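Here is the structure we will look at, set down as structure tokens.
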Amino acid sequence: MISPVALNGMYVILGASGNTGSIIANSLLLKGEKVRVGGRDAGRLQRFVDKGAEAFTADMSDAAALTNAFTGARAAYLLLPPAKSREDQERESSAIAKAVKESGLRYAVHLSSYGAQVPEGTGPVAGLHSSEQKLNAISGLNVLHLRAAYFMENNLAAIGTIHGMGVFGNALLPDVKLPMIATRDVGDYAVERLLHLDFSSKQTRELLGASATCRSRKLSL
Ligand SMILES: NC(=O)c1ccc[n+]([C@@H]2O[C@H](COP(=O)([O-])OP(=O)(O)OC[C@H]3O[C@@H](n4cnc5c(N)ncnc54)[C@H](OP(=O)(O)O)[C@@H]3O)[C@@H](O)[C@H]2O)c1
């Protein structure tokens with residue numbers, strides 16, 4: 001078990017090698033903060049260790065390992081990995097919520113999604129709705145759910161089609177107006193909230209990119 005004293009002032013970042021987690025981990029390290037980075041592969045976390053971070057390897061369905069990682073932390077950045085199935089999402093969100101509760105973590109910024117206010121019928125976003133609900137049920141936790149829009153980086157997957165066929169294609173209707181945001185902007189926003197911890201109880205924040213109006217809401221539970 002990691003000593004709570006040793007972790008005092010520590011930020012724990014899940015998915016640190018990913019799009020948003022890497023931005024948050026790097027920014028906090030640059031600011032001289034104490035950072036603990038999580039993922040499944042120590043090699044992918046080494047670049048943060050080289051900059052002064054501690055690393056822990058754990059699967060997000062391992063509640064005991066996550067409890068150990070969160071114990072004594074100042075705050076955590078929480079996310080679910082990209083969804084493989086709803087069952088996986090439920091297992092991972094349950095483990096994360098159990099670890100948050102058992103570790104006594106007081107502050108968390110949780111990456112959710114645009115549309116997570118809708119319980120079902122939204123594909124993987126419904127798993128994020130469920131994750132929000134599990135975290136909202138934890139008394140004493142101050143949690144900010146970031147309801148981020150479609151990541152601009154998703155479009156990079158179309159590069160092959162653009163090169164090979166000269167067209168840009170995806171599964172969206174062409175006339176649907178969809179807010180998009182760069183993961184850099186999601187990460188930067190999360191860093192500010194983690195540094196200031198200026199949220200309380202259960203809150204949501206839409207992050208819809210530069211051209212859209214974002215709403216914040218305090219949830220009444
Ligand atoms: N794409 C979008 O448009 C969009 C929009 C809004 C919200 N979201 C949400 O954003 C989240 C993904 O965030 P992201 O893009 O920042 O992450 P990402 O780039 O997809 O990276 C996922 C991270 O999680 C780690 N990981 C994957 N599976 C794991 C497991 N089983 N146990 C422990 N760690 C695991 C990966 O590291 P290792 O592989 O090294 O373990 C990696 O660091 C998802 O919940 C998604 O629904 C996405």
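Letters for chains follow the order of the structure tokens (A, B, ...), residue numbers begin at 1 for each chain, and ligand numbers begin at 1 in the order shown.
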
Query - Residues within 6 Å of Met10 (chain A), only C-alpha atoms, excluding chain neighbours under 3 positions, as a list in words - result: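 Here the qualifying residues turn out to be Leu7, Lys34, Val35, Ala73 and Arg74 of chain A.
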
Let me see the file: selected residues, all heavy atoms, as an mmCIF file, in the first residue's frame.
data_model
loop_
_atom_site.group_PDB
_atom_site.id
_atom_site.type_symbol
_atom_site.label_atom_id
_atom_site.label_comp_id
_atom_site.auth_asym_id
_atom_site.auth_seq_id
_atom_site.Cartn_x
_atom_site.Cartn_y
_atom_site.Cartn_z
ATOM 1 N N LEU A 7 1.920 10.418 -0.938
ATOM 2 C CA LEU A 7 1.183 10.867 -2.114
ATOM 3 C C LEU A 7 0.571 12.256 -1.946
ATOM 4 O O LEU A 7 -0.112 12.737 -2.829
ATOM 5 C CB LEU A 7 0.060 9.862 -2.426
ATOM 6 C CG LEU A 7 0.475 8.695 -3.302
ATOM 7 C CD1 LEU A 7 -0.680 7.740 -3.475
ATOM 8 C CD2 LEU A 7 0.965 9.169 -4.641
ATOM 9 N N LYS A 34 3.535 16.998 -8.686
ATOM 10 C CA LYS A 34 3.823 15.565 -8.504
ATOM 11 C C LYS A 34 2.767 14.760 -9.259
ATOM 12 O O LYS A 34 1.557 15.016 -9.095
ATOM 13 C CB LYS A 34 3.798 15.209 -7.017
ATOM 14 C CG LYS A 34 4.992 15.753 -6.271
ATOM 15 C CD LYS A 34 5.097 15.140 -4.882
ATOM 16 C CE LYS A 34 4.376 16.010 -3.875
ATOM 17 N NZ LYS A 34 4.441 15.503 -2.510
ATOM 18 N N VAL A 35 3.214 13.842 -10.078
ATOM 19 C CA VAL A 35 2.296 13.147 -10.980
ATOM 20 C C VAL A 35 2.539 11.647 -10.921
ATOM 21 O O VAL A 35 3.681 11.194 -10.913
ATOM 22 C CB VAL A 35 2.493 13.652 -12.433
ATOM 23 C CG1 VAL A 35 1.626 12.858 -13.402
ATOM 24 C CG2 VAL A 35 2.172 15.147 -12.541
ATOM 25 N N ALA A 73 -4.072 10.805 -2.844
ATOM 26 C CA ALA A 73 -3.842 11.755 -3.944
ATOM 27 C C ALA A 73 -4.645 13.043 -3.740
ATOM 28 O O ALA A 73 -5.708 13.039 -3.125
ATOM 29 C CB ALA A 73 -4.232 11.114 -5.268
ATOM 30 N N ARG A 74 -4.105 14.129 -4.284
ATOM 31 C CA ARG A 74 -4.831 15.409 -4.253
ATOM 32 C C ARG A 74 -6.037 15.344 -5.189
ATOM 33 O O ARG A 74 -7.125 15.819 -4.865
ATOM 34 C CB ARG A 74 -3.859 16.509 -4.693
ATOM 35 C CG ARG A 74 -4.463 17.889 -4.903
ATOM 36 C CD ARG A 74 -3.327 18.886 -5.159
ATOM 37 N NE ARG A 74 -3.746 20.068 -5.868
ATOM 38 C CZ ARG A 74 -4.314 21.127 -5.304
ATOM 39 N NH1 ARG A 74 -4.555 21.140 -4.001
ATOM 40 N NH2 ARG A 74 -4.651 22.184 -6.029
#

Query raised in the report: Looking only at the backbone, which of the residues in region 55-117 of chain A does DSSP tag as alpha helix (DSSP H), as a PyMOL selection string?
Result: chain A and resi 63-70+86-103

Restricting the output to N, CA and C atoms, write the selected residues as an mmCIF file, in the first residue's frame.
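The result, written out as part-v6.cif:
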data_model
loop_
_atom_site.group_PDB
_atom_site.id
_atom_site.type_symbol
_atom_site.label_atom_id
_atom_site.label_comp_id
_atom_site.auth_asym_id
_atom_site.auth_seq_id
_atom_site.Cartn_x
_atom_site.Cartn_y
_atom_site.Cartn_z
ATOM 1 N N ALA A 63 -9.792 -2.961 -9.396
ATOM 2 C CA ALA A 63 -10.170 -1.960 -8.380
ATOM 3 C C ALA A 63 -9.131 -1.847 -7.274
ATOM 4 N N ALA A 64 -8.532 -2.974 -6.876
ATOM 5 C CA ALA A 64 -7.568 -2.929 -5.771
ATOM 6 C C ALA A 64 -6.335 -2.112 -6.162
ATOM 7 N N ALA A 65 -5.849 -2.329 -7.383
ATOM 8 C CA ALA A 65 -4.666 -1.577 -7.832
ATOM 9 C C ALA A 65 -4.993 -0.086 -7.974
ATOM 10 N N LEU A 66 -6.189 0.215 -8.449
ATOM 11 C CA LEU A 66 -6.567 1.627 -8.602
ATOM 12 C C LEU A 66 -6.757 2.288 -7.232
ATOM 13 N N THR A 67 -7.299 1.532 -6.283
ATOM 14 C CA THR A 67 -7.462 2.077 -4.917
ATOM 15 C C THR A 67 -6.099 2.466 -4.368
ATOM 16 N N ASN A 68 -5.146 1.588 -4.552
ATOM 17 C CA ASN A 68 -3.781 1.856 -4.096
ATOM 18 C C ASN A 68 -3.237 3.125 -4.768
ATOM 19 N N ALA A 69 -3.490 3.252 -6.047
ATOM 20 C CA ALA A 69 -2.966 4.408 -6.791
ATOM 21 C C ALA A 69 -3.621 5.716 -6.346
ATOM 22 N N PHE A 70 -4.905 5.680 -5.992
ATOM 23 C CA PHE A 70 -5.632 6.923 -5.639
ATOM 24 C C PHE A 70 -5.419 7.336 -4.187
ATOM 25 N N ARG A 86 -19.978 -2.873 -24.106
ATOM 26 C CA ARG A 86 -20.649 -2.254 -22.959
ATOM 27 C C ARG A 86 -20.261 -2.976 -21.664
ATOM 28 N N GLU A 87 -20.095 -4.291 -21.763
ATOM 29 C CA GLU A 87 -19.714 -5.067 -20.573
ATOM 30 C C GLU A 87 -18.352 -4.603 -20.048
ATOM 31 N N ASP A 88 -17.407 -4.389 -20.973
ATOM 32 C CA ASP A 88 -16.085 -3.900 -20.549
ATOM 33 C C ASP A 88 -16.216 -2.523 -19.905
ATOM 34 N N GLN A 89 -17.004 -1.657 -20.532
ATOM 35 C CA GLN A 89 -17.174 -0.312 -19.965
ATOM 36 C C GLN A 89 -17.729 -0.388 -18.544
ATOM 37 N N GLU A 90 -18.742 -1.274 -18.346
ATOM 38 C CA GLU A 90 -19.358 -1.379 -17.014
ATOM 39 C C GLU A 90 -18.360 -1.913 -15.992
ATOM 40 N N ARG A 91 -17.572 -2.913 -16.421
ATOM 41 C CA ARG A 91 -16.586 -3.487 -15.498
ATOM 42 C C ARG A 91 -15.553 -2.408 -15.110
ATOM 43 N N GLU A 92 -15.089 -1.650 -16.113
ATOM 44 C CA GLU A 92 -14.061 -0.635 -15.834
ATOM 45 C C GLU A 92 -14.636 0.536 -15.016
ATOM 46 N N SER A 93 -15.827 0.990 -15.355
ATOM 47 C CA SER A 93 -16.378 2.119 -14.589
ATOM 48 C C SER A 93 -16.709 1.700 -13.168
ATOM 49 N N SER A 94 -17.123 0.447 -12.966
ATOM 50 C CA SER A 94 -17.400 -0.031 -11.595
ATOM 51 C C SER A 94 -16.112 -0.098 -10.793
ATOM 52 N N ALA A 95 -15.031 -0.574 -11.435
ATOM 53 C CA ALA A 95 -13.752 -0.679 -10.722
ATOM 54 C C ALA A 95 -13.227 0.710 -10.359
ATOM 55 N N ILE A 96 -13.337 1.638 -11.284
ATOM 56 C CA ILE A 96 -12.857 2.997 -11.013
ATOM 57 C C ILE A 96 -13.670 3.616 -9.867
ATOM 58 N N ALA A 97 -14.997 3.483 -9.928
ATOM 59 C CA ALA A 97 -15.844 4.076 -8.875
ATOM 60 C C ALA A 97 -15.558 3.423 -7.520
ATOM 61 N N LYS A 98 -15.366 2.107 -7.526
ATOM 62 C CA LYS A 98 -15.062 1.410 -6.258
ATOM 63 C C LYS A 98 -13.746 1.940 -5.690
ATOM 64 N N ALA A 99 -12.758 2.110 -6.559
ATOM 65 C CA ALA A 99 -11.446 2.589 -6.106
ATOM 66 C C ALA A 99 -11.535 4.024 -5.600
ATOM 67 N N VAL A 100 -12.304 4.849 -6.289
ATOM 68 C CA VAL A 100 -12.473 6.242 -5.830
ATOM 69 C C VAL A 100 -13.083 6.240 -4.437
ATOM 70 N N LYS A 101 -14.123 5.430 -4.256
ATOM 71 C CA LYS A 101 -14.819 5.394 -2.966
ATOM 72 C C LYS A 101 -13.895 4.855 -1.868
ATOM 73 N N GLU A 102 -13.249 3.747 -2.145
ATOM 74 C CA GLU A 102 -12.460 3.096 -1.089
ATOM 75 C C GLU A 102 -11.184 3.859 -0.757
ATOM 76 N N SER A 103 -10.669 4.614 -1.713
ATOM 77 C CA SER A 103 -9.445 5.385 -1.441
ATOM 78 C C SER A 103 -9.757 6.699 -0.725
#

Requested in this report: Produce as a ChimeraX atom specification the set of residues near ligand 1, where near means within 9 Å with only C-alpha atoms and all ligand atoms considered.
Outcome: /A:14-23,38-45,57-62,79-83,88-89,92,111-114,124-125,127-128,146-154,180-181,183,186-187

**Report entry** Those in region 3-189 of chain A with strand (DSSP E or B) from DSSP, as a ChimeraX atom specification
**Finding:** /A:10-13,34-39,54-57,75-78,107-113,142-148,150-151,180-181

Save the residues we just selected, N, CA and C atoms, as an mmCIF file, in the first residue's frame?
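Okay, this is what ended up in result-v8.cif:
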data_model
loop_
_atom_site.group_PDB
_atom_site.id
_atom_site.type_symbol
_atom_site.label_atom_id
_atom_site.label_comp_id
_atom_site.auth_asym_id
_atom_site.auth_seq_id
_atom_site.Cartn_x
_atom_site.Cartn_y
_atom_site.Cartn_z
ATOM 1 N N MET A 10 -0.221 14.726 -4.792
ATOM 2 C CA MET A 10 -0.013 13.955 -6.018
ATOM 3 C C MET A 10 -1.254 13.978 -6.911
ATOM 4 N N TYR A 11 -1.012 14.117 -8.212
ATOM 5 C CA TYR A 11 -2.091 13.960 -9.188
ATOM 6 C C TYR A 11 -1.961 12.580 -9.822
ATOM 7 N N VAL A 12 -3.070 11.863 -9.898
ATOM 8 C CA VAL A 12 -3.071 10.546 -10.540
ATOM 9 C C VAL A 12 -3.773 10.681 -11.891
ATOM 10 N N ILE A 13 -3.104 10.225 -12.934
ATOM 11 C CA ILE A 13 -3.633 10.355 -14.294
ATOM 12 C C ILE A 13 -3.854 8.971 -14.886
ATOM 13 N N LYS A 34 3.535 16.998 -8.686
ATOM 14 C CA LYS A 34 3.823 15.565 -8.504
ATOM 15 C C LYS A 34 2.767 14.760 -9.259
ATOM 16 N N VAL A 35 3.214 13.842 -10.078
ATOM 17 C CA VAL A 35 2.296 13.147 -10.980
ATOM 18 C C VAL A 35 2.539 11.647 -10.921
ATOM 19 N N ARG A 36 1.456 10.896 -10.888
ATOM 20 C CA ARG A 36 1.499 9.441 -10.947
ATOM 21 C C ARG A 36 0.738 9.026 -12.193
ATOM 22 N N VAL A 37 1.389 8.371 -13.116
ATOM 23 C CA VAL A 37 0.763 8.049 -14.397
ATOM 24 C C VAL A 37 0.396 6.572 -14.446
ATOM 25 N N GLY A 38 -0.784 6.282 -15.003
ATOM 26 C CA GLY A 38 -1.249 4.899 -15.055
ATOM 27 C C GLY A 38 -1.489 4.419 -16.474
ATOM 28 N N GLY A 39 -1.291 3.116 -16.645
ATOM 29 C CA GLY A 39 -1.544 2.470 -17.932
ATOM 30 C C GLY A 39 -1.209 0.996 -17.774
ATOM 31 N N GLU A 54 5.901 9.274 -11.231
ATOM 32 C CA GLU A 54 5.857 7.875 -10.797
ATOM 33 C C GLU A 54 4.927 7.154 -11.754
ATOM 34 N N ALA A 55 5.191 5.886 -12.007
ATOM 35 C CA ALA A 55 4.290 5.130 -12.879
ATOM 36 C C ALA A 55 3.675 3.969 -12.108
ATOM 37 N N PHE A 56 2.432 3.638 -12.444
ATOM 38 C CA PHE A 56 1.857 2.386 -11.955
ATOM 39 C C PHE A 56 1.184 1.690 -13.123
ATOM 40 N N THR A 57 1.364 0.380 -13.173
ATOM 41 C CA THR A 57 0.715 -0.386 -14.239
ATOM 42 C C THR A 57 -0.446 -1.153 -13.631
ATOM 43 N N ALA A 75 -5.855 14.765 -6.355
ATOM 44 C CA ALA A 75 -6.925 14.698 -7.353
ATOM 45 C C ALA A 75 -6.533 13.670 -8.407
ATOM 46 N N ALA A 76 -7.537 13.243 -9.171
ATOM 47 C CA ALA A 76 -7.254 12.283 -10.247
ATOM 48 C C ALA A 76 -7.967 12.695 -11.529
ATOM 49 N N TYR A 77 -7.351 12.330 -12.636
ATOM 50 C CA TYR A 77 -7.998 12.441 -13.948
ATOM 51 C C TYR A 77 -8.455 11.037 -14.314
ATOM 52 N N LEU A 78 -9.762 10.886 -14.514
ATOM 53 C CA LEU A 78 -10.348 9.568 -14.749
ATOM 54 C C LEU A 78 -10.862 9.470 -16.173
ATOM 55 N N TYR A 107 -11.242 14.711 -5.089
ATOM 56 C CA TYR A 107 -11.441 15.477 -6.325
ATOM 57 C C TYR A 107 -11.117 14.632 -7.548
ATOM 58 N N ALA A 108 -12.012 14.679 -8.533
ATOM 59 C CA ALA A 108 -11.747 13.979 -9.791
ATOM 60 C C ALA A 108 -12.298 14.776 -10.960
ATOM 61 N N VAL A 109 -11.513 14.820 -12.016
ATOM 62 C CA VAL A 109 -12.005 15.297 -13.314
ATOM 63 C C VAL A 109 -12.176 14.047 -14.170
ATOM 64 N N HIS A 110 -13.394 13.869 -14.694
ATOM 65 C CA HIS A 110 -13.759 12.610 -15.370
ATOM 66 C C HIS A 110 -14.078 12.919 -16.826
ATOM 67 N N LEU A 111 -13.343 12.283 -17.733
ATOM 68 C CA LEU A 111 -13.615 12.500 -19.154
ATOM 69 C C LEU A 111 -14.878 11.742 -19.557
ATOM 70 N N SER A 112 -15.899 12.512 -19.893
ATOM 71 C CA SER A 112 -17.155 11.935 -20.357
ATOM 72 C C SER A 112 -17.343 12.377 -21.808
ATOM 73 N N SER A 113 -18.554 12.527 -22.243
ATOM 74 C CA SER A 113 -18.776 12.880 -23.651
ATOM 75 C C SER A 113 -20.039 13.710 -23.815
ATOM 76 N N ASN A 142 -15.909 15.290 -4.997
ATOM 77 C CA ASN A 142 -16.166 16.425 -5.886
ATOM 78 C C ASN A 142 -15.721 15.987 -7.269
ATOM 79 N N VAL A 143 -16.671 15.929 -8.205
ATOM 80 C CA VAL A 143 -16.321 15.413 -9.536
ATOM 81 C C VAL A 143 -16.846 16.347 -10.621
ATOM 82 N N LEU A 144 -15.983 16.582 -11.584
ATOM 83 C CA LEU A 144 -16.345 17.392 -12.754
ATOM 84 C C LEU A 144 -16.310 16.480 -13.971
ATOM 85 N N HIS A 145 -17.471 16.268 -14.580
ATOM 86 C CA HIS A 145 -17.551 15.443 -15.780
ATOM 87 C C HIS A 145 -17.356 16.338 -17.005
ATOM 88 N N LEU A 146 -16.325 16.054 -17.783
ATOM 89 C CA LEU A 146 -16.082 16.838 -18.997
ATOM 90 C C LEU A 146 -16.811 16.166 -20.157
ATOM 91 N N ARG A 147 -17.877 16.816 -20.618
ATOM 92 C CA ARG A 147 -18.654 16.245 -21.729
ATOM 93 C C ARG A 147 -18.099 16.794 -23.040
ATOM 94 N N ALA A 148 -17.038 16.119 -23.483
ATOM 95 C CA ALA A 148 -16.277 16.617 -24.636
ATOM 96 C C ALA A 148 -16.948 16.204 -25.944
ATOM 97 N N TYR A 150 -16.850 15.459 -30.205
ATOM 98 C CA TYR A 150 -16.108 14.552 -31.102
ATOM 99 C C TYR A 150 -14.668 15.062 -31.244
ATOM 100 N N PHE A 151 -13.701 14.186 -31.002
ATOM 101 C CA PHE A 151 -12.307 14.626 -31.074
ATOM 102 C C PHE A 151 -11.905 14.865 -32.537
ATOM 103 N N MET A 180 -16.810 19.686 -32.682
ATOM 104 C CA MET A 180 -15.533 18.955 -32.602
ATOM 105 C C MET A 180 -14.550 19.754 -31.755
ATOM 106 N N ILE A 181 -13.682 19.027 -31.097
ATOM 107 C CA ILE A 181 -12.670 19.691 -30.256
ATOM 108 C C ILE A 181 -11.353 18.943 -30.377
#

Query raised in the report: Counting only C-alpha atoms, which of A:Ala126, A:Ala116, A:Ala182, A:Leu29 gets nearest to Gly209 (chain A)?
Result: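 Looking only at the distances to Gly209 (chain A), the closest residue turns out to be A:Ala182.
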
Requested in this report: Just give me the gap between CA of Leu219 (chain A) and CA of Phe199 (chain A) in Å, one decimal is fine.
Outcome: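 Separating CA of Leu219 (chain A) from CA of Phe199 (chain A) is a distance of 11.6 Å.
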
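Considering only C-alpha atoms, the residue among A:Ala53, A:Leu208, A:Met165, A:Gln46 positioned nearest to Glu33 (chain A) is A:Ala53.
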